[in-house]
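J.: Below you'll find query_29.tsv; it's TSV, C-alpha atoms and all ligand atoms.
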chain	number	residue	atom	x	y	z
A	22	MET	CA	-6.77	9.37	-9.73
A	23	LYS	CA	-3.22	10.49	-9.02
A	24	SER	CA	-2.38	13.65	-10.85
A	25	THR	CA	0.89	15.26	-11.69
A	26	HIS	CA	-0.49	18.75	-11.22
A	27	PRO	CA	1.96	20.71	-9.06
A	28	TYR	CA	-0.58	22.22	-6.67
A	29	ILE	CA	-3.67	20.34	-5.57
A	30	GLY	CA	-5.66	21.82	-2.76
A	31	ARG	CA	-9.03	20.85	-1.37
A	32	PHE	CA	-11.91	21.85	0.82
A	33	ALA	CA	-13.31	19.00	2.86
A	34	PRO	CA	-16.46	19.94	4.79
A	35	SER	CA	-18.38	17.54	7.02
A	36	PRO	CA	-22.12	17.74	6.35
A	37	SER	CA	-23.05	18.15	10.00
A	38	GLY	CA	-24.64	21.51	9.23
A	39	PRO	CA	-24.74	24.25	6.61
A	40	LEU	CA	-21.79	26.48	5.77
A	41	HIS	CA	-21.30	29.17	8.44
A	42	PHE	CA	-19.02	32.17	8.34
A	43	GLY	CA	-16.04	30.28	9.83
A	44	SER	CA	-16.25	27.56	7.20
A	45	LEU	CA	-16.63	30.18	4.48
A	46	VAL	CA	-13.34	31.73	5.61
A	47	CYS	CA	-11.65	28.30	5.33
A	48	ALA	CA	-13.17	27.56	1.95
A	49	LEU	CA	-12.18	31.00	0.67
A	50	GLY	CA	-8.63	30.80	2.06
A	51	SER	CA	-7.96	27.39	0.55
A	52	TYR	CA	-9.58	28.41	-2.76
A	53	LEU	CA	-7.51	31.60	-3.04
A	54	ASP	CA	-4.28	29.87	-2.10
A	55	ALA	CA	-4.89	27.23	-4.79
A	56	GLN	CA	-6.01	29.72	-7.44
A	57	SER	CA	-3.14	32.09	-6.85
A	58	HIS	CA	-0.70	29.20	-7.31
A	59	GLY	CA	-2.40	28.09	-10.53
A	60	GLY	CA	-3.56	24.96	-8.71
A	61	HIS	CA	-6.58	22.72	-8.68
A	62	TRP	CA	-9.10	23.05	-5.87
A	63	LEU	CA	-10.99	19.87	-5.08
A	64	LEU	CA	-14.14	19.34	-3.07
A	65	ARG	CA	-14.48	16.35	-0.80
A	66	MET	CA	-17.60	15.76	1.25
A	67	GLU	CA	-16.59	14.11	4.51
A	68	ASP	CA	-19.80	12.21	5.11
A	69	LEU	CA	-18.24	9.53	7.29
A	70	ASP	CA	-20.42	9.83	10.32
A	71	PRO	CA	-24.13	9.52	9.43
A	72	PRO	CA	-25.43	10.01	13.00
A	73	ARG	CA	-23.79	13.45	13.09
A	74	GLU	CA	-25.06	14.52	9.72
A	75	GLU	CA	-27.87	16.95	9.20
A	76	PRO	CA	-30.24	15.92	6.41
A	77	GLY	CA	-29.77	18.16	3.40
A	78	ALA	CA	-26.59	19.81	4.76
A	79	ALA	CA	-24.31	18.42	2.04
A	80	THR	CA	-26.49	19.84	-0.73
A	81	ARG	CA	-26.78	23.15	1.09
A	82	ILE	CA	-23.00	23.38	1.46
A	83	LEU	CA	-22.46	22.69	-2.24
A	84	ASN	CA	-25.11	25.25	-3.21
A	85	SER	CA	-23.61	27.88	-0.93
A	86	LEU	CA	-20.15	27.34	-2.37
A	87	GLU	CA	-21.48	27.70	-5.90
A	88	THR	CA	-23.50	30.79	-5.05
A	89	HIS	CA	-20.32	32.32	-3.66
A	90	GLY	CA	-18.48	31.55	-6.89
A	91	LEU	CA	-16.29	28.93	-5.20
A	92	HIS	CA	-16.31	26.43	-8.03
A	93	TRP	CA	-14.28	23.30	-7.54
A	94	HIS	CA	-12.35	21.24	-10.01
A	95	GLY	CA	-13.88	17.94	-11.22
A	96	ALA	CA	-16.51	15.89	-9.44
A	97	VAL	CA	-17.24	16.02	-5.71
A	98	GLU	CA	-15.74	13.04	-3.86
A	99	TRP	CA	-18.00	11.56	-1.19
A	100	GLN	CA	-16.29	9.68	1.60
A	101	SER	CA	-19.36	7.48	2.00
A	102	LYS	CA	-18.50	6.01	-1.40
A	103	ARG	CA	-14.87	5.34	-0.60
A	104	HIS	CA	-15.13	2.67	2.09
A	105	ARG	CA	-13.36	0.11	-0.08
A	106	LEU	CA	-10.27	2.27	-0.18
A	107	TYR	CA	-10.30	2.64	3.62
A	108	GLU	CA	-10.69	-1.12	4.02
A	109	GLU	CA	-7.78	-1.75	1.64
A	110	THR	CA	-5.58	0.59	3.65
A	111	LEU	CA	-6.54	-1.13	6.89
A	112	ALA	CA	-5.67	-4.49	5.28
A	113	GLN	CA	-2.28	-3.14	4.28
A	114	LEU	CA	-1.59	-1.85	7.80
A	115	ARG	CA	-2.79	-5.14	9.28
A	116	GLU	CA	-0.36	-6.99	7.05
A	117	GLN	CA	2.43	-4.73	8.30
A	118	GLY	CA	1.48	-5.76	11.84
A	119	LEU	CA	0.59	-2.20	12.79
A	120	LEU	CA	-3.06	-2.60	13.73
A	121	TYR	CA	-4.53	-4.04	16.88
A	122	PRO	CA	-8.03	-4.34	18.31
A	123	CYS	CA	-8.84	-2.18	21.29
A	124	TYR	CA	-11.66	-3.06	23.68
A	125	CYS	CA	-10.99	-0.29	26.16
A	126	SER	CA	-13.90	1.84	27.28
A	127	ARG	CA	-13.72	5.60	27.58
A	128	SER	CA	-13.85	5.45	31.36
A	129	GLN	CA	-10.95	2.94	31.49
A	130	ILE	CA	-8.91	5.26	29.30
A	131	ARG	CA	-9.76	8.24	31.45
A	132	GLN	CA	-8.96	6.42	34.68
A	133	ASN	CA	-5.56	5.38	33.31
A	134	SER	CA	-4.67	8.88	32.10
A	135	GLY	CA	-4.63	7.85	28.46
A	136	HIS	CA	-4.97	4.75	26.36
A	137	ASP	CA	-1.39	3.69	25.99
A	138	ASN	CA	-1.00	3.09	29.75
A	139	LEU	CA	-3.47	0.21	29.54
A	140	GLY	CA	-1.21	-2.35	27.92
A	141	CYS	CA	-3.77	-2.90	25.19
A	142	ARG	CA	-1.10	-2.95	22.47
A	143	VAL	CA	0.12	-6.34	23.68
A	144	LYS	CA	-3.05	-7.76	25.21
A	145	HIS	CA	-5.25	-7.92	22.12
A	146	SER	CA	-8.12	-9.55	23.92
A	147	GLY	CA	-11.45	-8.53	25.28
A	148	SER	CA	-15.12	-8.92	24.66
A	149	GLY	CA	-17.70	-7.00	22.71
A	150	PRO	CA	-17.04	-4.71	19.79
A	151	SER	CA	-13.52	-3.39	19.38
A	152	ALA	CA	-11.95	-0.35	17.76
A	153	LEU	CA	-8.84	-0.67	15.60
A	154	ARG	CA	-5.77	1.24	16.66
A	155	LEU	CA	-2.62	2.02	14.75
A	156	GLN	CA	0.74	1.56	16.44
A	157	CYS	CA	1.99	5.07	15.90
A	158	ALA	CA	2.72	6.66	19.28
A	159	GLY	CA	6.28	7.76	19.71
A	160	ASP	CA	8.48	10.69	18.80
A	161	GLU	CA	7.17	14.07	17.83
A	162	GLU	CA	6.48	15.15	14.28
A	163	VAL	CA	8.09	18.41	13.26
A	164	PHE	CA	6.62	20.37	10.39
A	165	GLU	CA	6.44	23.89	9.08
A	166	ASP	CA	2.94	25.34	8.95
A	167	ILE	CA	2.44	28.04	6.34
A	168	TRP	CA	1.06	30.48	8.92
A	169	ARG	CA	1.88	29.03	12.31
A	170	GLY	CA	5.57	28.34	11.63
A	171	GLU	CA	7.55	25.39	12.95
A	172	GLN	CA	5.41	22.93	14.89
A	173	HIS	CA	6.53	20.16	17.20
A	174	GLN	CA	3.74	17.71	17.85
A	175	PRO	CA	4.32	14.61	19.94
A	176	VAL	CA	2.19	11.65	18.81
A	177	ARG	CA	1.08	10.65	22.29
A	178	GLU	CA	-1.35	7.86	21.61
A	179	ASP	CA	-1.98	5.02	19.18
A	180	THR	CA	-4.71	6.59	17.11
A	181	ILE	CA	-8.02	4.91	16.32
A	182	LEU	CA	-8.54	4.19	12.61
A	183	LYS	CA	-11.83	2.34	12.89
A	184	ARG	CA	-14.24	3.05	15.68
A	185	ARG	CA	-16.03	0.53	17.89
A	186	ASP	CA	-19.29	1.46	16.21
A	187	GLY	CA	-17.80	0.32	12.88
A	188	LEU	CA	-17.32	3.81	11.43
A	189	TYR	CA	-14.02	4.79	9.83
A	190	ALA	CA	-12.14	7.40	11.80
A	191	TYR	CA	-11.57	10.87	10.40
A	192	GLN	CA	-7.78	10.43	10.72
A	193	LEU	CA	-7.81	7.41	8.42
A	194	ALA	CA	-10.15	8.78	5.78
A	195	VAL	CA	-8.57	12.23	5.58
A	196	VAL	CA	-5.08	10.85	4.99
A	197	VAL	CA	-6.12	8.06	2.63
A	198	ASP	CA	-8.13	10.52	0.55
A	199	ASP	CA	-5.48	13.21	0.50
A	200	ILE	CA	-3.05	10.59	-0.82
A	201	ALA	CA	-5.50	9.15	-3.37
A	202	GLN	CA	-6.45	12.61	-4.62
A	203	GLY	CA	-2.83	13.70	-4.88
A	204	VAL	CA	-3.37	16.65	-2.51
A	205	THR	CA	-0.19	18.69	-2.14
A	206	GLN	CA	-1.45	21.54	0.06
A	207	VAL	CA	-3.92	21.40	2.92
A	208	VAL	CA	-5.26	24.81	3.86
A	209	ARG	CA	-7.88	24.53	6.61
A	210	GLY	CA	-8.98	25.95	9.94
A	211	ALA	CA	-6.64	26.11	12.93
A	212	ASP	CA	-8.98	23.87	14.92
A	213	LEU	CA	-7.32	21.00	13.04
A	214	LEU	CA	-3.75	22.08	13.74
A	215	ASP	CA	-3.39	19.64	16.64
A	216	THR	CA	-4.43	16.64	14.54
A	217	THR	CA	-1.75	17.32	11.95
A	218	GLY	CA	1.13	15.50	13.68
A	219	VAL	CA	-0.69	12.19	13.76
A	220	GLN	CA	-1.81	12.65	10.16
A	221	ILE	CA	1.77	13.29	9.08
A	222	ARG	CA	2.79	10.11	10.95
A	223	LEU	CA	0.17	8.17	8.97
A	224	PHE	CA	1.35	9.66	5.66
A	225	HIS	CA	4.84	8.38	6.48
A	226	ILE	CA	3.63	4.95	7.59
A	227	LEU	CA	1.78	4.68	4.28
A	228	GLY	CA	5.01	5.48	2.48
A	229	THR	CA	4.10	8.92	1.13
A	230	THR	CA	5.29	12.49	1.46
A	231	PRO	CA	2.79	14.56	3.46
A	232	PRO	CA	1.30	17.66	1.88
A	233	VAL	CA	2.23	21.16	3.02
A	234	PHE	CA	-0.13	22.28	5.78
A	235	GLY	CA	-1.44	25.75	6.49
A	236	HIS	CA	-3.93	26.55	9.23
A	237	LEU	CA	-6.10	29.63	8.87
A	238	PRO	CA	-7.30	31.81	11.75
A	239	LEU	CA	-10.52	30.81	13.47
A	240	VAL	CA	-13.61	32.94	13.62
A	241	MET	CA	-14.62	33.00	17.27
A	242	GLY	CA	-18.22	33.05	18.43
A	243	PRO	CA	-19.84	35.53	20.82
A	244	GLY	CA	-17.67	35.95	23.90
A	245	GLY	CA	-14.57	35.05	21.95
A	246	LYS	CA	-13.98	31.74	23.74
A	247	GLN	CA	-15.17	29.18	21.21
A	248	LYS	CA	-14.82	29.02	17.47
A	249	LEU	CA	-17.94	29.33	15.38
A	250	SER	CA	-18.98	25.79	14.59
A	251	LYS	CA	-21.83	23.65	13.50
A	252	GLN	CA	-21.83	22.06	16.96
A	253	ASN	CA	-22.53	25.38	18.66
A	254	HIS	CA	-25.13	26.21	16.03
A	255	ALA	CA	-23.36	28.97	14.15
A	256	PRO	CA	-25.91	30.49	11.79
A	257	ALA	CA	-25.82	29.47	8.15
A	258	ILE	CA	-24.45	32.09	5.80
A	259	ASP	CA	-27.11	33.85	3.78
A	260	ASP	CA	-26.67	32.87	0.14
A	261	ASN	CA	-28.53	36.01	-0.91
A	262	LYS	CA	-25.67	38.10	0.43
A	263	ALA	CA	-22.79	36.33	-1.29
A	264	ALA	CA	-20.86	39.50	-2.18
A	265	ASP	CA	-21.15	40.87	1.38
A	266	ASN	CA	-20.14	37.52	2.87
A	267	LEU	CA	-17.10	37.26	0.62
A	268	CYS	CA	-16.01	40.81	1.42
A	269	ALA	CA	-16.42	40.18	5.17
A	270	ALA	CA	-14.38	36.96	4.87
A	271	LEU	CA	-11.67	38.80	2.93
A	272	ILE	CA	-11.51	41.52	5.58
A	273	PHE	CA	-11.24	38.81	8.24
A	274	LEU	CA	-8.29	37.33	6.36
A	275	GLY	CA	-6.59	40.73	6.37
A	276	PHE	CA	-7.51	42.25	3.00
A	277	HIS	CA	-8.24	45.94	2.56
A	278	VAL	CA	-11.45	45.73	0.60
A	279	PRO	CA	-12.70	48.78	-1.33
A	280	GLU	CA	-16.38	49.58	-0.63
A	281	THR	CA	-17.20	49.30	-4.34
A	282	LEU	CA	-16.21	45.62	-4.39
A	283	ARG	CA	-19.45	44.72	-2.61
A	284	GLN	CA	-21.41	45.73	-5.69
A	285	GLU	CA	-19.59	43.15	-7.79
A	286	LYS	CA	-20.47	39.57	-8.60
A	287	PRO	CA	-18.80	36.80	-6.54
A	288	GLU	CA	-16.67	35.68	-9.50
A	289	HIS	CA	-15.27	39.19	-9.86
A	290	ILE	CA	-14.56	39.48	-6.13
A	291	LEU	CA	-12.70	36.17	-6.21
A	292	LYS	CA	-10.65	37.26	-9.19
A	293	TRP	CA	-9.77	40.51	-7.44
A	294	ALA	CA	-8.68	38.60	-4.33
A	295	THR	CA	-6.77	35.91	-6.22
A	296	ALA	CA	-4.63	38.60	-7.84
A	297	ARG	CA	-3.85	40.05	-4.40
A	298	TRP	CA	-3.48	36.92	-2.25
A	299	GLN	CA	-0.16	36.93	-0.41
A	300	ARG	CA	0.38	34.32	2.24
A	301	HIS	CA	2.44	36.59	4.44
A	302	GLN	CA	-0.27	39.24	4.55
A	303	ILE	CA	-2.87	36.99	6.12
A	304	ASP	CA	-4.01	38.13	9.55
A	305	LYS	CA	-3.21	35.08	11.69
A	306	ARG	CA	-5.12	35.97	14.83
A	307	ASP	CA	-8.12	33.90	15.88
A	308	ARG	CA	-10.77	36.47	16.72
A	309	GLN	CA	-14.40	37.49	16.63
A	310	LEU	CA	-15.94	39.12	13.66
A	311	HIS	CA	-16.60	42.81	14.15
B	401	LIG	N1	-14.07	17.48	7.54
B	401	LIG	C1	-13.28	18.23	8.46
B	401	LIG	C2	-14.13	19.32	9.08
B	401	LIG	O1	-15.13	19.72	8.51
B	401	LIG	C3	-12.10	18.92	7.80
B	401	LIG	C4	-11.05	17.98	7.38
B	401	LIG	C5	-9.79	18.65	6.86
B	401	LIG	O2	-9.84	19.73	6.28
B	401	LIG	O3	-8.75	18.05	7.02
B	401	LIG	O4	-13.80	19.76	10.16
How would this structure read if it were set down as structure tokens?
Ligand code: GLU
T.:
Amino acid sequence: MKSTHPYIGRFAPSPSGPLHFGSLVCALGSYLDAQSHGGHWLLRMEDLDPPREEPGAATRILNSLETHGLHWHGAVEWQSKRHRLYEETLAQLREQGLLYPCYCSRSQIRQNSGHDNLGCRVKHSGSGPSALRLQCAGDEEVFEDIWRGEQHQPVREDTILKRRDGLYAYQLAVVVDDIAQGVTQVVRGADLLDTTGVQIRLFHILGTTPPVFGHLPLVMGPGGKQKLSKQNHAPAIDDNKAADNLCAALIFLGFHVPETLRQEKPEHILKWATARWQRHQIDKRDRQLH
């Protein structure tokens, strides 16, 4: 599936709820960045964690994107269908001697102020189900974020790649898929900024060059303390108001939107915005929607 296309971006929602305004901003930002660079924009459904999924959410997300004119390139990739790839990567890491089973409970980890104080890396024994950890803790990763500038992120802990409940961890799947899909640019919400260092470490361990990362501002919920999210039940966007939603998301990103644009079809609005997208003009502040 590797492609030689110079810019490959993606939107990778988890189907734990329908698209809300914050996720629309991320989808729109990554779409416009890809389009304005003549790139491909892929859609990956991160359905890794069935207990956290909401029935029907994946279909609703895809419908909302289409209604808003956010058409992706090629077929949707479903993480639930890619377990073999994750297993192959784990086998490769195991062969490199970089994986070890972890039997530690959450309370043990908490009591010891973090996992890597428990000596689990060398112990390798315990009872009951175990998680799989990657030996990756160590120096910081330094990278340049498109909007947030130079980042220094220490990788403090050996990250879990497979959970005790048998589910693949987000960190594993996201990196394996970005490599397999040839993703060159990851534009996503700033809530994921802190996970980037460990992902970059995994890209390196797997012998690949990490993509360029850019983290978009977060839409904060009422009170301004928490981001809008599926977990705090942010309302679904109304697909009957696609043009209004797109204009509001553009304004949030820092565009000056003429009133008349709201009368246009989503495809026209997206074309208008693609022609005007300039990375340096994006409003970087996390804030509430007014
Ligand atoms: N699936 C993740 C989420 O919905 C996003 C993963 C990513 O963009 O790297 O929060």
J.: Counting all atoms listed in the file, which residues of chain A sit at most 10 Å from some atom of ligand LIG 401 (chain B), and what is each one's closest atom pair with its distance in Å to one decimal, listed by chain and rising residue number, as a tab-separated table?
T.:
residue	atom	partner	partner_atom	distance
A:Arg31	CA	B:LIG401	O2	7.8
A:Phe32	CA	B:LIG401	O2	6.2
A:Ala33	CA	B:LIG401	O2	4.9
A:Pro34	CA	B:LIG401	O1	4.0
A:Ser35	CA	B:LIG401	O1	4.2
A:Pro36	CA	B:LIG401	O1	7.6
A:Ser37	CA	B:LIG401	O1	8.2
A:Gly38	CA	B:LIG401	O1	9.7
A:Leu40	CA	B:LIG401	O1	9.9
A:Ser44	CA	B:LIG401	O1	8.0
A:Cys47	CA	B:LIG401	O2	8.8
A:Ala48	CA	B:LIG401	O2	9.5
A:Ser51	CA	B:LIG401	O2	9.7
A:Arg65	CA	B:LIG401	N1	8.4
A:Met66	CA	B:LIG401	N1	7.4
A:Glu67	CA	B:LIG401	N1	5.2
A:Asp68	CA	B:LIG401	N1	8.2
A:Leu69	CA	B:LIG401	N1	9.0
A:Tyr191	CA	B:LIG401	N1	7.6
A:Gln192	CA	B:LIG401	O3	8.5
A:Ala194	CA	B:LIG401	C4	9.4
A:Val195	CA	B:LIG401	O3	6.0
A:Val196	CA	B:LIG401	O3	8.3
A:Asp198	CA	B:LIG401	O3	9.9
A:Asp199	CA	B:LIG401	O3	8.8
A:Val207	CA	B:LIG401	O2	7.0
A:Val208	CA	B:LIG401	O2	7.3
A:Arg209	CA	B:LIG401	O2	5.2
A:Gly210	CA	B:LIG401	O2	7.3
A:Ala211	CA	B:LIG401	O2	9.8
A:Asp212	CA	B:LIG401	O4	7.9
A:Leu213	CA	B:LIG401	O3	6.9
A:Leu214	CA	B:LIG401	O3	9.3
A:Thr216	CA	B:LIG401	O3	8.8
A:Thr217	CA	B:LIG401	O3	8.6
A:Gln220	CA	B:LIG401	O3	9.3
A:Phe234	CA	B:LIG401	O3	9.7
A:His236	CA	B:LIG401	O2	9.5
A:Ser250	CA	B:LIG401	O4	9.1
A:Lys251	CA	B:LIG401	O1	9.2
J.: CA of Val163 (chain A) and CA of Arg222 (chain A), how far apart in Å?
T.: 10.1 Å
J.: Enter the distance from CA of Val204 (chain A) to CA of Gly30 (chain A), in Å, rounded to one decimal.
T.: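 These atoms are spaced 5.7 Å apart.
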J.: Please write as a PyMOL selection string the list of polymer residues whose atoms come within 12 Å of (0.5, -5.3, 12.7), counting all atoms listed in the file and keeping to the coordinates of the file.
T.: chain A and resi 111-122+142-143+145+153-157+226
J.: Between A:Arg306, A:His136, A:His289, A:Arg184, single out the one closest to Asp70 (chain A), counting all atoms listed in the file.
T.: A:Arg184
J.: For Pro72 (chain A), which residue out of A:Leu188, A:Ala158, A:Leu49, A:Val97 is the nearest one, using all atoms listed in the file?
T.: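 Result for the nearest residue to Pro72 (chain A): A:Leu188.
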J.: Give the answer as one residue: which of A:Pro287, A:Gly228, A:Gly235, A:Pro27 has the shortest atom-to-atom distance to Asp265 (chain A), using all atoms listed in the file?
T.: A:Pro287
J.: Could you jot down the CA of Leu182 (chain A) to CA of Ala152 (chain A) separation for me, Å, one decimal place?
T.: 7.7 Å
J.: Using all atoms listed in the file, find the one residue out of A:Pro71, A:Gly135, A:Pro232, A:Gly77 that sits nearest to Ser101 (chain A).
T.: A:Pro71
J.: Just want the 10 Å neighbourhood of Gly90 (chain A), counted on all atoms listed in the file, with same-chain residues fewer than 6 positions away dropped. Output as number ranges by chain.
T.: A: 49, 84, 263-264, 267, 286-292
J.: Which residue out of A:Pro279, A:Pro231, A:Pro39, A:Pro150 has the minimum interatomic distance to Ala78 (chain A) when all atoms listed in the file are used?
T.: A:Pro39
J.: Out of A:Glu162, A:Cys125, A:Gly149, A:Arg103, which residue has the shortest atom-to-atom distance to His225 (chain A) when counting all atoms listed in the file?
T.: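 Looking only at the distances to His225 (chain A), the closest residue turns out to be A:Glu162.
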J.: Grab all the atoms of region 126-133 of chain A that the file lists, wrap them in a box along x, y and z, add 5 Å per side, and give me centre plus edge lengths in Å (one decimal) as JSON.
T.:
{"center_x": -9.7, "center_y": 5.0, "center_z": 31.0, "size_x": 18.3, "size_y": 16.4, "size_z": 17.4}
J.: Once N, CA, C and O atoms are restored for region 62-84 of chain A, what would the output be as a compact mmCIF listing (two decimals), in the coordinates of the input?
T.:
# COMPACT_ATOMS: atom_id res chain seq x y z
N TRP A 62 -8.43 23.01 -7.17
CA TRP A 62 -9.10 23.05 -5.87
C TRP A 62 -10.21 22.02 -5.88
O TRP A 62 -11.16 22.14 -6.65
N LEU A 63 -10.04 20.98 -5.07
CA LEU A 63 -10.99 19.87 -5.08
C LEU A 63 -12.00 20.01 -3.94
O LEU A 63 -11.74 20.70 -2.96
N LEU A 64 -13.12 19.33 -4.11
CA LEU A 64 -14.14 19.34 -3.07
C LEU A 64 -14.41 17.91 -2.62
O LEU A 64 -14.73 17.06 -3.45
N ARG A 65 -14.22 17.69 -1.34
CA ARG A 65 -14.48 16.35 -0.80
C ARG A 65 -15.51 16.46 0.33
O ARG A 65 -15.29 17.23 1.28
N MET A 66 -16.58 15.72 0.21
CA MET A 66 -17.60 15.76 1.25
C MET A 66 -17.29 14.67 2.26
O MET A 66 -17.27 13.49 1.92
N GLU A 67 -17.02 15.08 3.50
CA GLU A 67 -16.59 14.11 4.51
C GLU A 67 -17.80 13.57 5.28
O GLU A 67 -18.02 13.85 6.46
N ASP A 68 -18.57 12.77 4.55
CA ASP A 68 -19.80 12.21 5.11
C ASP A 68 -19.53 10.81 5.66
O ASP A 68 -20.04 9.81 5.16
N LEU A 69 -18.72 10.78 6.69
CA LEU A 69 -18.24 9.53 7.29
C LEU A 69 -19.08 9.10 8.47
O LEU A 69 -18.98 7.98 8.92
N ASP A 70 -19.81 10.04 9.01
CA ASP A 70 -20.42 9.83 10.32
C ASP A 70 -21.92 10.14 10.26
O ASP A 70 -22.37 11.18 10.74
N PRO A 71 -22.70 9.22 9.66
CA PRO A 71 -24.13 9.52 9.43
C PRO A 71 -24.88 10.03 10.65
O PRO A 71 -25.67 10.98 10.53
N PRO A 72 -24.64 9.48 11.87
CA PRO A 72 -25.43 10.01 13.00
C PRO A 72 -25.20 11.50 13.26
O PRO A 72 -26.06 12.16 13.84
N ARG A 73 -24.05 12.02 12.84
CA ARG A 73 -23.79 13.45 13.09
C ARG A 73 -24.17 14.34 11.92
O ARG A 73 -23.95 15.54 11.94
N GLU A 74 -24.71 13.71 10.89
CA GLU A 74 -25.06 14.52 9.72
C GLU A 74 -26.43 15.16 9.86
O GLU A 74 -27.30 14.61 10.50
N GLU A 75 -26.57 16.30 9.21
CA GLU A 75 -27.87 16.95 9.20
C GLU A 75 -28.46 16.72 7.81
O GLU A 75 -27.78 17.01 6.81
N PRO A 76 -29.69 16.19 7.74
CA PRO A 76 -30.24 15.92 6.41
C PRO A 76 -30.22 17.19 5.55
O PRO A 76 -30.59 18.26 6.01
N GLY A 77 -29.77 17.04 4.34
CA GLY A 77 -29.77 18.16 3.40
C GLY A 77 -28.55 19.06 3.52
O GLY A 77 -28.33 19.94 2.67
N ALA A 78 -27.72 18.87 4.55
CA ALA A 78 -26.59 19.81 4.76
C ALA A 78 -25.58 19.74 3.60
O ALA A 78 -25.06 20.77 3.17
N ALA A 79 -25.32 18.54 3.11
CA ALA A 79 -24.31 18.42 2.04
C ALA A 79 -24.74 19.24 0.82
O ALA A 79 -23.95 20.02 0.27
N THR A 80 -25.99 19.09 0.43
CA THR A 80 -26.49 19.84 -0.73
C THR A 80 -26.45 21.34 -0.46
O THR A 80 -26.08 22.13 -1.33
N ARG A 81 -26.82 21.71 0.75
CA ARG A 81 -26.78 23.15 1.09
C ARG A 81 -25.37 23.70 1.01
O ARG A 81 -25.15 24.81 0.51
N ILE A 82 -24.40 22.92 1.50
CA ILE A 82 -23.00 23.38 1.46
C ILE A 82 -22.57 23.58 0.00
O ILE A 82 -21.99 24.62 -0.36
N LEU A 83 -22.87 22.60 -0.84
CA LEU A 83 -22.46 22.69 -2.24
C LEU A 83 -23.12 23.89 -2.92
O LEU A 83 -22.48 24.64 -3.67
N ASN A 84 -24.41 24.09 -2.63
CA ASN A 84 -25.11 25.25 -3.21
C ASN A 84 -24.50 26.56 -2.74
O ASN A 84 -24.31 27.49 -3.53
